[in-house]
>>> print(open('protein_18.cif').read())   # mmCIF, C-alpha atoms and all ligand atoms
data_query
#
loop_
_atom_site.label_atom_id
_atom_site.label_comp_id
_atom_site.auth_asym_id
_atom_site.auth_seq_id
_atom_site.Cartn_x
_atom_site.Cartn_y
_atom_site.Cartn_z
CA MET A 719 -10.40 -13.34 -1.35
CA PRO A 720 -13.40 -10.96 -1.24
CA VAL A 721 -13.38 -8.28 1.48
CA ARG A 722 -16.52 -6.36 2.41
CA GLY A 723 -15.17 -4.13 5.17
CA TYR A 724 -13.39 -4.06 8.52
CA HIS A 725 -14.13 -5.50 11.91
CA ILE A 726 -12.40 -3.50 14.64
CA TYR A 727 -11.65 -4.72 18.15
CA TRP A 728 -10.85 -2.05 20.72
CA LYS A 729 -10.36 -3.35 24.25
CA ASP A 730 -13.69 -5.11 24.96
CA GLU A 731 -15.65 -3.33 22.22
CA GLU A 732 -16.18 -4.35 18.57
CA VAL A 733 -17.55 -2.57 15.53
CA THR A 734 -17.94 -3.43 11.82
CA PHE A 735 -17.36 -0.90 9.02
CA TYR A 736 -18.73 -2.18 5.71
CA TYR A 737 -17.53 -0.77 2.41
CA PRO A 738 -19.98 1.73 0.93
CA ALA A 739 -22.89 1.03 -1.40
CA LEU A 740 -22.14 0.94 -5.12
CA SER A 741 -24.56 3.85 -5.63
CA TYR A 742 -22.31 6.20 -3.68
CA GLY A 743 -22.75 9.91 -4.17
CA GLY A 744 -26.39 9.81 -3.14
CA ALA A 745 -28.69 7.86 -0.90
CA PRO A 746 -28.71 4.10 -1.53
CA SER A 747 -31.59 3.30 -3.87
CA SER A 748 -33.55 0.92 -1.66
CA GLY A 749 -33.40 -2.06 0.62
CA SER A 750 -30.40 -3.31 2.55
CA CYS A 751 -26.78 -2.87 1.54
CA GLN A 752 -25.98 -6.57 1.57
CA GLY A 753 -24.44 -8.52 -1.30
CA ASN A 754 -23.43 -7.00 -4.61
CA ARG A 755 -24.74 -3.56 -3.88
CA ARG A 756 -21.59 -2.77 -1.90
CA VAL A 757 -18.12 -2.01 -3.17
CA GLU A 758 -15.97 -5.12 -2.63
CA GLY A 759 -12.25 -5.35 -2.00
CA ARG A 760 -9.86 -8.22 -2.75
CA SER A 761 -7.05 -9.51 -0.56
CA PHE A 762 -4.35 -11.73 -2.06
CA HIS A 763 -0.81 -13.05 -1.96
CA HIS A 764 1.14 -10.03 -3.20
CA GLY A 765 3.82 -12.08 -4.99
CA ARG A 766 1.31 -14.22 -6.91
CA PHE A 767 -0.71 -11.15 -7.94
CA VAL A 768 2.39 -9.37 -9.28
CA SER A 769 3.57 -12.52 -11.15
CA ARG A 770 0.22 -12.78 -12.90
CA LEU A 771 0.26 -9.09 -13.81
CA ARG A 772 3.71 -9.61 -15.34
CA ASP A 773 2.46 -12.61 -17.34
CA LEU A 774 -0.42 -10.51 -18.69
CA ALA A 775 1.97 -7.68 -19.63
CA LYS A 776 4.34 -10.12 -21.39
CA ASN A 777 1.48 -11.29 -23.60
CA GLU A 778 0.77 -7.78 -24.89
CA GLU A 779 1.82 -7.34 -28.52
CA ASN A 780 3.68 -4.06 -27.99
CA VAL A 781 5.58 -5.12 -24.84
CA THR A 782 9.18 -6.38 -24.92
CA VAL A 783 10.44 -7.68 -21.59
CA VAL A 784 14.13 -7.32 -20.73
CA GLU A 785 15.11 -8.72 -17.32
CA GLY A 786 17.97 -7.17 -15.39
CA THR A 787 18.94 -4.91 -12.50
CA VAL A 788 19.12 -1.20 -13.21
CA ILE A 789 22.31 0.31 -11.81
CA SER A 790 21.87 3.95 -12.75
CA LEU A 791 20.09 6.47 -14.94
CA VAL A 792 21.90 7.65 -18.06
CA SER A 793 21.75 11.42 -18.60
CA ASP A 794 22.66 13.72 -21.45
CA LYS A 795 25.72 15.51 -20.07
CA GLN A 796 24.86 18.81 -21.76
CA THR A 797 21.12 19.10 -21.04
CA GLY A 798 20.83 16.98 -17.87
CA ARG A 799 17.91 15.18 -19.46
CA VAL A 800 17.54 11.47 -18.56
CA ILE A 801 17.88 9.48 -21.78
CA GLY A 802 18.02 5.86 -20.57
CA VAL A 803 19.29 3.38 -17.99
CA GLU A 804 22.39 1.31 -17.39
CA TYR A 805 21.64 -2.22 -16.19
CA THR A 806 23.14 -5.67 -15.73
CA ASP A 807 21.33 -8.47 -17.53
CA ASN A 808 20.81 -12.05 -16.30
CA LYS A 809 24.32 -12.97 -17.49
CA LYS A 810 25.79 -10.11 -15.39
CA GLN A 811 26.63 -8.20 -18.57
CA SER A 812 26.49 -4.41 -18.25
CA LYS A 813 24.20 -2.82 -20.85
CA LYS A 814 22.44 0.44 -21.69
CA SER A 815 18.93 1.08 -22.95
CA TYR A 816 17.61 4.43 -24.25
CA SER A 817 14.15 6.01 -24.26
CA ASN A 818 12.39 9.39 -24.51
CA LEU A 819 10.84 8.69 -21.12
CA VAL A 820 12.23 6.53 -18.28
CA ILE A 821 9.60 5.43 -15.72
CA ILE A 822 11.08 4.49 -12.33
CA ALA A 823 9.05 1.93 -10.31
CA ASP A 824 11.68 0.23 -8.14
CA GLY A 825 9.77 0.31 -4.85
CA SER A 826 10.47 1.71 -1.39
CA ARG A 827 14.15 0.61 -1.41
CA SER A 828 14.68 2.50 -4.70
CA ASN A 829 18.33 3.05 -5.55
CA LEU A 830 17.41 5.35 -8.46
CA ARG A 831 15.41 7.90 -6.40
CA SER A 832 18.63 9.33 -4.93
CA GLN A 833 19.75 10.29 -8.45
CA LEU A 834 16.73 12.62 -8.63
CA HIS A 835 16.40 14.05 -5.11
CA GLN A 836 17.78 13.50 -1.62
CA GLN A 837 14.53 12.88 0.29
CA GLN A 838 14.57 9.48 2.04
CA PRO A 839 11.70 7.48 3.65
CA ILE A 840 11.29 7.93 7.42
CA SER A 841 10.46 4.78 9.39
CA THR A 842 8.57 4.89 12.69
CA SER A 843 7.69 1.23 13.16
CA ARG A 844 7.95 -2.25 11.69
CA PHE A 845 5.35 -4.82 10.76
CA ARG A 846 6.27 -8.33 11.88
CA ALA A 847 4.27 -10.73 9.71
CA LEU A 848 3.12 -14.33 10.12
CA GLU A 849 1.06 -16.56 7.84
CA LEU A 850 -1.63 -18.46 9.77
CA LEU A 851 -3.22 -21.67 8.51
CA ASP A 852 -6.88 -22.75 8.73
CA VAL A 853 -8.11 -19.99 11.03
CA GLN A 854 -11.87 -19.89 11.50
CA LEU A 855 -12.35 -16.12 11.55
CA PRO A 856 -15.53 -15.06 13.35
CA HIS A 857 -16.94 -12.97 10.46
CA HIS A 858 -16.88 -13.83 6.77
CA SER A 859 -15.06 -11.56 4.25
CA LEU A 860 -13.88 -8.91 6.69
CA ALA A 861 -10.41 -7.62 7.52
CA TYR A 862 -9.69 -7.25 11.24
CA GLY A 863 -8.03 -4.46 13.16
CA ILE A 864 -7.06 -5.13 16.78
CA LEU A 865 -6.38 -1.91 18.70
CA GLY A 866 -5.14 -1.38 22.25
CA PRO A 867 -3.46 -2.14 24.55
CA ASN A 868 -0.66 -2.83 22.03
CA PRO A 869 0.14 -1.02 18.77
CA PRO A 870 -2.24 -1.99 15.93
CA ILE A 871 -2.54 -5.53 14.56
CA LEU A 872 -4.12 -6.41 11.21
CA VAL A 873 -5.56 -9.83 10.30
CA TYR A 874 -6.91 -10.66 6.85
CA GLN A 875 -7.45 -13.79 4.79
CA ILE A 876 -5.20 -14.02 1.70
CA GLY A 877 -6.06 -17.52 0.46
CA ALA A 878 -8.48 -20.41 0.97
CA ARG A 879 -6.37 -21.65 3.92
CA GLU A 880 -3.99 -18.75 4.61
CA THR A 881 -4.53 -15.70 6.80
CA ARG A 882 -1.98 -12.89 7.16
CA ILE A 883 -1.33 -11.24 10.51
CA LEU A 884 0.68 -8.00 10.63
CA ILE A 885 1.89 -6.88 14.06
CA ASP A 886 3.05 -3.28 14.34
CA ILE A 887 6.03 -2.70 16.63
CA PRO A 888 7.32 0.89 17.01
CA ASN A 889 11.05 1.10 16.31
CA ALA A 890 11.98 2.14 19.87
CA LEU A 891 10.07 -0.83 21.31
CA HIS A 892 11.54 -3.14 18.65
CA ASP A 893 15.09 -2.13 19.63
CA LYS A 894 14.27 -2.67 23.32
CA ILE A 895 12.74 -6.11 22.63
CA LEU A 896 15.86 -7.14 20.73
CA GLN A 897 17.98 -6.15 23.74
CA ASP A 898 15.77 -7.84 26.37
CA SER A 899 14.73 -11.09 24.69
CA ASN A 900 13.58 -11.75 21.14
CA VAL A 901 10.65 -10.78 18.99
CA ARG A 902 9.02 -14.25 19.02
CA THR A 903 8.95 -14.22 22.82
CA TYR A 904 7.46 -10.70 22.83
CA ILE A 905 4.71 -11.73 20.39
CA LYS A 906 3.98 -14.92 22.34
CA GLU A 907 3.74 -13.18 25.71
CA ALA A 908 2.44 -9.68 24.90
CA VAL A 909 0.54 -10.01 21.61
CA VAL A 910 -1.04 -13.48 21.31
CA PRO A 911 -3.15 -13.12 24.51
CA THR A 912 -4.73 -9.92 23.07
CA LEU A 913 -5.85 -11.63 19.83
CA PRO A 914 -9.42 -12.88 19.29
CA PRO A 915 -9.61 -16.46 20.67
CA ALA A 916 -10.16 -17.93 17.16
CA VAL A 917 -6.75 -16.61 16.06
CA GLN A 918 -4.65 -17.47 19.13
CA THR A 919 -3.98 -21.19 18.48
CA SER A 920 -2.84 -20.78 14.87
CA ALA A 921 -0.82 -17.66 15.78
CA THR A 922 1.05 -19.70 18.41
CA ALA A 923 1.66 -22.51 15.89
CA ALA A 924 2.92 -20.07 13.22
CA LEU A 925 5.16 -18.42 15.79
CA GLU A 926 6.77 -21.75 16.69
CA SER A 927 7.42 -23.03 13.19
CA GLY A 928 6.58 -20.33 10.63
CA ARG A 929 8.61 -17.58 9.01
CA LEU A 930 8.48 -14.27 10.93
CA ARG A 931 8.92 -11.61 8.28
CA SER A 932 9.93 -8.04 9.03
CA MET A 933 9.02 -4.97 6.96
CA PRO A 934 9.54 -1.30 7.80
CA ASN A 935 6.53 1.00 7.90
CA GLU A 936 7.65 4.22 6.26
CA TYR A 937 6.58 7.67 5.20
CA LEU A 938 7.85 9.43 2.08
CA PRO A 939 5.92 12.45 0.79
CA SER A 940 5.70 12.63 -2.98
CA ARG A 941 7.80 15.15 -4.80
CA ALA A 942 7.43 16.43 -8.35
CA VAL A 943 10.71 15.50 -10.03
CA GLN A 944 11.83 18.33 -12.31
CA THR A 945 14.51 16.42 -14.24
CA PRO A 946 13.32 16.05 -17.84
CA GLY A 947 12.94 12.60 -19.39
CA VAL A 948 12.08 10.73 -16.20
CA LEU A 949 9.01 9.98 -14.10
CA ILE A 950 8.78 8.15 -10.76
CA ILE A 951 5.74 6.17 -9.54
CA GLY A 952 4.54 3.80 -6.77
CA ASP A 953 6.53 3.30 -3.56
CA ALA A 954 9.67 4.69 -5.20
CA SER A 955 7.89 8.05 -5.26
CA ASN A 956 5.52 8.09 -2.30
CA ILE A 957 5.02 5.86 0.79
CA ARG A 958 2.60 5.98 3.71
CA HIS A 959 2.13 3.74 6.78
CA ALA A 960 0.86 0.29 5.71
CA LEU A 961 -1.87 0.30 8.39
CA THR A 962 -4.58 1.28 5.89
CA GLY A 963 -3.29 -1.01 3.13
CA SER A 964 -3.27 1.83 0.58
CA GLY A 965 0.06 1.15 -1.14
CA MET A 966 -1.35 -1.06 -3.89
CA THR A 967 -4.25 1.35 -4.43
CA VAL A 968 -1.81 4.22 -4.98
CA ALA A 969 0.56 2.14 -7.15
CA LEU A 970 -2.29 0.85 -9.37
CA LYS A 971 -3.88 4.30 -9.63
CA ASP A 972 -0.47 5.73 -10.60
CA ILE A 973 -0.36 3.22 -13.46
CA VAL A 974 -3.88 4.05 -14.68
CA LEU A 975 -3.14 7.80 -14.53
CA LEU A 976 0.16 7.24 -16.32
CA ARG A 977 -1.63 5.35 -19.10
CA ASP A 978 -4.18 8.17 -19.46
CA THR A 979 -1.48 10.85 -19.33
CA LEU A 980 0.74 9.26 -21.95
CA GLY A 981 -2.10 8.60 -24.36
CA ALA A 982 -1.44 6.45 -27.40
CA ALA A 983 1.99 5.08 -26.52
CA GLY A 984 3.11 4.37 -30.07
CA THR A 985 3.07 8.00 -31.15
CA ALA A 986 3.63 9.74 -27.82
CA PHE A 987 6.88 7.95 -26.91
CA ALA A 988 8.47 9.00 -30.17
CA ASP A 989 7.80 12.67 -29.38
CA ALA A 990 10.54 13.78 -26.98
CA ASP A 991 9.06 17.26 -26.44
CA ALA A 992 5.62 15.86 -25.61
CA MET A 993 7.22 13.45 -23.14
CA HIS A 994 8.97 16.41 -21.53
CA LYS A 995 5.63 18.04 -20.59
CA LYS A 996 3.73 14.95 -19.40
CA PRO A 997 5.38 14.39 -15.97
CA ARG A 998 4.29 17.78 -14.57
CA HIS A 999 0.63 17.00 -15.37
CA PHE A 1000 1.04 13.52 -13.86
CA TYR A 1001 2.47 14.73 -10.52
CA TRP A 1002 -0.30 17.30 -10.18
CA LYS A 1003 -3.19 14.92 -11.06
CA ARG A 1004 -2.01 12.11 -8.77
CA LYS A 1005 -2.71 14.32 -5.75
CA ASP A 1006 -6.45 13.64 -6.37
CA TYR A 1007 -6.06 10.24 -4.74
CA SER A 1008 -2.66 10.23 -3.03
CA VAL A 1009 -3.19 13.17 -0.65
CA VAL A 1010 -6.17 11.64 1.17
CA LEU A 1011 -4.59 8.19 1.38
CA ASN A 1012 -1.29 9.59 2.68
CA VAL A 1013 -2.87 11.83 5.30
CA LEU A 1014 -5.33 9.18 6.49
CA ALA A 1015 -2.69 6.46 6.80
CA GLN A 1016 -0.40 8.67 8.87
CA ALA A 1017 -3.22 10.18 10.96
CA LEU A 1018 -4.94 6.85 11.67
CA TYR A 1019 -1.64 5.30 12.71
CA THR A 1020 -1.10 8.18 15.12
CA LEU A 1021 -4.59 7.63 16.56
CA PHE A 1022 -4.63 3.83 16.57
CA GLY A 1023 -1.12 3.69 17.95
CA THR A 1024 -2.47 5.25 21.13
CA THR A 1025 -4.42 3.51 23.86
CA GLY A 1026 -6.30 6.66 24.81
CA ASN A 1027 -9.72 8.09 24.04
CA SER A 1028 -9.02 9.09 20.44
CA THR A 1029 -9.67 5.55 19.20
CA HIS A 1030 -12.86 5.47 21.23
CA LEU A 1031 -13.92 8.71 19.54
CA ILE A 1032 -13.50 7.21 16.07
CA LEU A 1033 -15.44 4.06 16.91
CA HIS A 1034 -18.38 6.06 18.22
CA SER A 1035 -18.48 9.13 16.02
CA THR A 1036 -18.40 7.64 12.53
CA ASP A 1037 -21.64 7.13 10.68
CA ILE A 1038 -21.44 3.41 10.03
CA ASP A 1039 -25.00 2.47 9.16
CA ASP A 1040 -25.67 4.68 6.11
CA CYS A 1041 -24.46 2.04 3.61
CA GLY A 1042 -21.48 4.30 3.06
CA SER A 1043 -23.50 6.31 0.59
CA THR A 1044 -21.94 9.59 1.64
CA PRO A 1045 -18.34 10.72 1.27
CA ARG A 1046 -18.06 11.11 5.07
CA HIS A 1047 -18.19 7.32 5.50
CA PRO A 1048 -14.68 6.30 6.68
CA THR A 1049 -14.14 3.54 4.12
CA THR A 1050 -14.84 5.82 1.13
CA ARG A 1051 -11.77 7.87 1.99
CA ILE A 1052 -9.45 5.07 3.09
CA HIS A 1053 -9.95 3.30 -0.25
CA SER A 1054 -10.07 6.38 -2.45
CA ILE A 1055 -13.65 5.64 -3.50
CA HIS A 1056 -14.42 9.37 -3.34
CA PRO A 1057 -11.32 11.12 -4.68
CA ILE A 1058 -10.87 14.75 -3.71
CA ARG A 1059 -12.01 17.27 -6.32
CA ARG A 1060 -9.55 20.13 -6.71
CA HIS A 1061 -9.43 23.12 -9.01
CA ALA A 1062 -7.01 22.79 -11.91
CA ARG A 1063 -3.85 24.82 -11.55
C1 LIG A 1101 4.28 -4.97 5.63
C2 LIG A 1101 3.58 -4.35 4.47
C3 LIG A 1101 2.24 -4.65 4.28
C4 LIG A 1101 1.56 -4.08 3.23
N1 LIG A 1101 0.25 -4.39 3.08
C5 LIG A 1101 -0.43 -3.81 2.09
C6 LIG A 1101 -1.82 -4.07 1.91
O1 LIG A 1101 -2.43 -4.82 2.68
N2 LIG A 1101 -2.45 -3.45 0.90
C7 LIG A 1101 -1.81 -2.59 0.05
O2 LIG A 1101 -2.43 -2.03 -0.85
N3 LIG A 1101 -0.49 -2.35 0.17
C8 LIG A 1101 0.20 -2.92 1.17
N4 LIG A 1101 1.53 -2.65 1.31
C9 LIG A 1101 2.19 -1.74 0.37
C10 LIG A 1101 2.42 -2.37 -1.01
O3 LIG A 1101 3.08 -3.62 -0.90
C11 LIG A 1101 3.28 -1.41 -1.83
O4 LIG A 1101 2.76 -0.11 -1.72
C12 LIG A 1101 3.30 -1.81 -3.31
O5 LIG A 1101 3.85 -3.10 -3.45
C13 LIG A 1101 4.13 -0.79 -4.11
O6 LIG A 1101 4.31 -1.26 -5.42
P1 LIG A 1101 5.59 -0.81 -6.27
O7 LIG A 1101 5.45 -1.51 -7.58
O8 LIG A 1101 5.73 0.66 -6.25
O9 LIG A 1101 6.85 -1.38 -5.48
P2 LIG A 1101 7.27 -2.89 -5.21
O10 LIG A 1101 6.08 -3.76 -5.04
O11 LIG A 1101 8.26 -2.84 -4.10
O12 LIG A 1101 7.99 -3.35 -6.56
C14 LIG A 1101 9.26 -2.85 -6.94
C15 LIG A 1101 9.89 -3.83 -7.93
O13 LIG A 1101 11.08 -3.25 -8.48
C16 LIG A 1101 12.11 -4.23 -8.46
N5 LIG A 1101 13.39 -3.51 -8.38
C17 LIG A 1101 13.92 -2.86 -7.32
N6 LIG A 1101 15.10 -2.30 -7.63
C18 LIG A 1101 15.33 -2.61 -8.94
C19 LIG A 1101 16.40 -2.33 -9.84
N7 LIG A 1101 17.46 -1.59 -9.49
N8 LIG A 1101 16.33 -2.81 -11.11
C20 LIG A 1101 15.25 -3.55 -11.50
N9 LIG A 1101 14.20 -3.85 -10.69
C21 LIG A 1101 14.25 -3.38 -9.42
C22 LIG A 1101 11.82 -5.08 -7.23
O14 LIG A 1101 12.44 -6.35 -7.35
C23 LIG A 1101 10.30 -5.16 -7.29
O15 LIG A 1101 9.88 -6.21 -8.12
C24 LIG A 1101 2.23 -3.21 2.35
C25 LIG A 1101 3.59 -2.91 2.54
C26 LIG A 1101 4.25 -3.47 3.60
C27 LIG A 1101 5.71 -3.12 3.82
#
>>> encode(input="protein_18.cif", output="structure tokens")
Amino acid sequence: MPVRGYHIYWKDEEVTFYYPALSYGGAPSSGSCQGNRRVEGRSFHHGRFVSRLRDLAKNEENVTVVEGTVISLVSDKQTGRVIGVEYTDNKKQSKKSYSNLVIIADGSRSNLRSQLHQQQPISTSRFRALELLDVQLPHHSLAYGILGPNPPILVYQIGARETRILIDIPNALHDKILQDSNVRTYIKEAVVPTLPPAVQTSATAALESGRLRSMPNEYLPSRAVQTPGVLIIGDASNIRHALTGSGMTVALKDIVLLRDTLGAAGTAFADADAMHKKPRHFYWKRKDYSVVLNVLAQALYTLFGTTGNSTHLILHSTDIDDCGSTPRHPTTRIHSIHPIRRHAR
């Protein structure tokens, strides 16, 4: 579904942040910023999107797909270099596969990360998620943030009929709710009355009969892995609070950077020494986009998690009517539209 920006509710105030004009980096050429002249986002069912990406990858001539669960990395005992993986295939047979470069992309619950370093994600809150049906959202093609008096709530359309609602519950409150009653009762009594009227009826219906999913919101700073022969990307490497919805942006940008870093795969993969040098460049270059997204996600959660004046400050101090043509526009940073320029090391 197309997304053109955010609509934020804060107590009895509302404000819309549109994504910036396509001609960012200077003043918008002329006229209004409506329609195609703005950057547009897309919201979607995550599972369907990933399945279609996999189908596309399978159809590539130089891709061979092997399905299985990786159990551990295989290392050269003398050099410490990672030379492959051990996995179980669909018939539960244990097998090994070897490569000059192993790329780890097994997500936030990664069981391979601990073979490279001991840093673990830190969780401060959970998102409880419902899928709402046939909601008539008040504004077309916008994602919604509902702030104060509770922790932040996100609402965004993911299909022609389906709308996702993510309700943040800090871990301490979550534990207390579990002791006192249950999470459905908490959402019904404390959260639903704070939602925009258009969302309340379908939220109540989803709460009564729908699946209430639970996902931790975590933080894991990225770390340049020094072990030769291996590279780690996506959530396995680096996680930030899901409030700003940056995880897919980082994961997809990691893939594009990886493609550019590796160059022509056919020749580069055969060259073990070249593969040895590539990861260092990759970890350094990915900071261009990951640093801003990590800092903003954590900082905005700290601000929006409060009910005090800091949220008020953001709503009133940001320049929201310049078509987003300047890097100071909030959405250019949240979505990595203006990456940071740093000096090469
Ligand atoms: C509640 C919530 C809401 C979010 N909302 C948004 C949003 O609105 N926008 C956004 O951009 N991001 C969002 N994110 C973040 C986003 O989903 C992740 O950042 C993104 O999916 C990371 O992609 P990934 O490929 O690194 O990891 P994953 O998507 O987790 O994929 C990892 C894959 O590896 C597989 N795997 C795991 N272990 C093994 C193994 N041992 N062997 C073989 N395969 C294995 C898994 O089955 C999985 O298919 C959200 C996250 C959460 C928790």
>>> closest_residue(input="protein_18.cif", among="A:Asn777, A:Thr962, A:Thr945, A:Gln836", to="ligand LIG 1101 (chain A)", atoms="all atoms listed in the file")
A:Thr962
>>> closest_residue(input="protein_18.cif", among="A:Ser761, A:Ser955, A:Thr787, A:Ser793", to="ligand LIG 1101 (chain A)", atoms="all atoms listed in the file")
A:Thr787
>>> residues_around(input="protein_18.cif", residues="range 883-893 of chain A", least_positions_apart="6", cutoff="6 Å", atoms="only C-alpha atoms", output="JSON, numbers by chain")
{"A": [842, 843, 844, 845, 846, 847, 848, 869, 870, 871, 872, 873]}
>>> residues_near_ligand(input="protein_18.cif", ligand="ligand LIG 1101 (chain A)", cutoff="6 Å", atoms="only C-alpha atoms and all ligand atoms", output="VMD selection string")
chain A and resid 786 to 789 823 to 826 828 845 933 to 935 952 to 954 960 963 to 967 969
>>> residues_around(input="protein_18.cif", residues="Ile950 in chain A", least_positions_apart="4", cutoff="10 Å", atoms="only C-alpha atoms", output="list in words")
Val820, Ile821, Ile822, Ala823, Asp824, Gly825, Leu830, Arg831, Leu834, Ser940, Arg941, Ala942, Val943, Ala954, Ser955, Asn956, Asp972, Pro997, Phe1000 and Tyr1001 of chain A
>>> closest_residue(input="protein_18.cif", among="A:Phe735, A:Thr806, A:Leu855, A:Leu1018", to="Leu913 in chain A", atoms="all atoms listed in the file")
A:Leu855
>>> residues_around(input="protein_18.cif", residues="range 902-911 of chain A", least_positions_apart="4", cutoff="8 Å", atoms="all atoms listed in the file", output="MDAnalysis selection string")
chainID A and resid 868 895 918 921:922 925
>>> residues_near_point(input="protein_18.cif", point="(8.6, -20.3, 4.1)", cutoff="12 Å", atoms="only C-alpha atoms", output="PyMOL selection string")
chain A and resi 847-850+924+927-931
>>> closest_residue(input="protein_18.cif", among="A:Gly947, A:Pro867, A:Pro939, A:Gly765", to="Trp728 in chain A", atoms="only C-alpha atoms")
A:Pro867
>>> atom_distance(input="protein_18.cif", atom1="CA of Val792 in chain A", atom2="CA of Lys776 in chain A")
25.2 Å
>>> residues_near_point(input="protein_18.cif", point="(21.3, -1.6, -17.9)", cutoff="10 Å", atoms="all atoms listed in the file", output="PyMOL selection string")
chain A and resi 784-792+802-807+810-816
>>> closest_residue(input="protein_18.cif", among="A:Phe1022, A:Phe762, A:Tyr862, A:Phe767", to="Arg879 in chain A", atoms="all atoms listed in the file")
A:Phe762
>>> atom_distance(input="protein_18.cif", atom1="CA of Ile801 in chain A", atom2="CA of Val781 in chain A")
19.3 Å
>>> closest_residue(input="protein_18.cif", among="A:Gln875, A:Ser817, A:Thr734, A:Ser920", to="Val721 in chain A", atoms="all atoms listed in the file")
A:Gln875
>>> atom_distance(input="protein_18.cif", atom1="CA of Val968 in chain A", atom2="CA of Ser1008 in chain A")
6.4 Å
>>> residues_around(input="protein_18.cif", residues="Glu880 in chain A", least_positions_apart="3", cutoff="6 Å", atoms="only C-alpha atoms", output="PyMOL selection string")
chain A and resi 850-851+876-877
>>> build_atoms(input="protein_18.cif", residues="range 1009-1014 of chain A", atoms="all heavy atoms", output="PDB file, in the coordinates of the input")
ATOM      1  N   VAL A1009      -3.205  12.304  -1.839  1.00  0.00           N
ATOM      2  CA  VAL A1009      -3.190  13.170  -0.650  1.00  0.00           C
ATOM      3  C   VAL A1009      -4.025  12.566   0.473  1.00  0.00           C
ATOM      4  O   VAL A1009      -3.576  12.428   1.614  1.00  0.00           O
ATOM      5  CB  VAL A1009      -3.703  14.587  -1.007  1.00  0.00           C
ATOM      6  CG1 VAL A1009      -4.007  15.389   0.244  1.00  0.00           C
ATOM      7  CG2 VAL A1009      -2.685  15.317  -1.860  1.00  0.00           C
ATOM      8  N   VAL A1010      -5.267  12.170   0.139  1.00  0.00           N
ATOM      9  CA  VAL A1010      -6.170  11.640   1.170  1.00  0.00           C
ATOM     10  C   VAL A1010      -5.594  10.355   1.764  1.00  0.00           C
ATOM     11  O   VAL A1010      -5.600  10.157   2.984  1.00  0.00           O
ATOM     12  CB  VAL A1010      -7.558  11.363   0.554  1.00  0.00           C
ATOM     13  CG1 VAL A1010      -8.436  10.621   1.536  1.00  0.00           C
ATOM     14  CG2 VAL A1010      -8.203  12.663   0.154  1.00  0.00           C
ATOM     15  N   LEU A1011      -5.096   9.478   0.887  1.00  0.00           N
ATOM     16  CA  LEU A1011      -4.590   8.190   1.380  1.00  0.00           C
ATOM     17  C   LEU A1011      -3.350   8.386   2.254  1.00  0.00           C
ATOM     18  O   LEU A1011      -3.186   7.711   3.271  1.00  0.00           O
ATOM     19  CB  LEU A1011      -4.290   7.268   0.189  1.00  0.00           C
ATOM     20  CG  LEU A1011      -5.549   6.876  -0.598  1.00  0.00           C
ATOM     21  CD1 LEU A1011      -5.180   6.176  -1.897  1.00  0.00           C
ATOM     22  CD2 LEU A1011      -6.448   5.977   0.231  1.00  0.00           C
ATOM     23  N   ASN A1012      -2.488   9.329   1.872  1.00  0.00           N
ATOM     24  CA  ASN A1012      -1.290   9.590   2.680  1.00  0.00           C
ATOM     25  C   ASN A1012      -1.650  10.148   4.046  1.00  0.00           C
ATOM     26  O   ASN A1012      -1.164   9.681   5.082  1.00  0.00           O
ATOM     27  CB  ASN A1012      -0.379  10.607   1.975  1.00  0.00           C
ATOM     28  CG  ASN A1012       0.252  10.046   0.719  1.00  0.00           C
ATOM     29  OD1 ASN A1012       0.302   8.838   0.534  1.00  0.00           O
ATOM     30  ND2 ASN A1012       0.715  10.914  -0.154  1.00  0.00           N
ATOM     31  N   VAL A1013      -2.531  11.160   4.038  1.00  0.00           N
ATOM     32  CA  VAL A1013      -2.870  11.830   5.300  1.00  0.00           C
ATOM     33  C   VAL A1013      -3.605  10.864   6.221  1.00  0.00           C
ATOM     34  O   VAL A1013      -3.310  10.767   7.414  1.00  0.00           O
ATOM     35  CB  VAL A1013      -3.711  13.103   5.027  1.00  0.00           C
ATOM     36  CG1 VAL A1013      -4.276  13.669   6.319  1.00  0.00           C
ATOM     37  CG2 VAL A1013      -2.867  14.154   4.315  1.00  0.00           C
ATOM     38  N   LEU A1014      -4.564  10.107   5.646  1.00  0.00           N
ATOM     39  CA  LEU A1014      -5.330   9.180   6.490  1.00  0.00           C
ATOM     40  C   LEU A1014      -4.448   8.093   7.087  1.00  0.00           C
ATOM     41  O   LEU A1014      -4.580   7.755   8.261  1.00  0.00           O
ATOM     42  CB  LEU A1014      -6.438   8.515   5.658  1.00  0.00           C
ATOM     43  CG  LEU A1014      -7.790   9.207   5.718  1.00  0.00           C
ATOM     44  CD1 LEU A1014      -8.793   8.463   4.861  1.00  0.00           C
ATOM     45  CD2 LEU A1014      -8.294   9.286   7.155  1.00  0.00           C
TER      46      LEU A1014
END
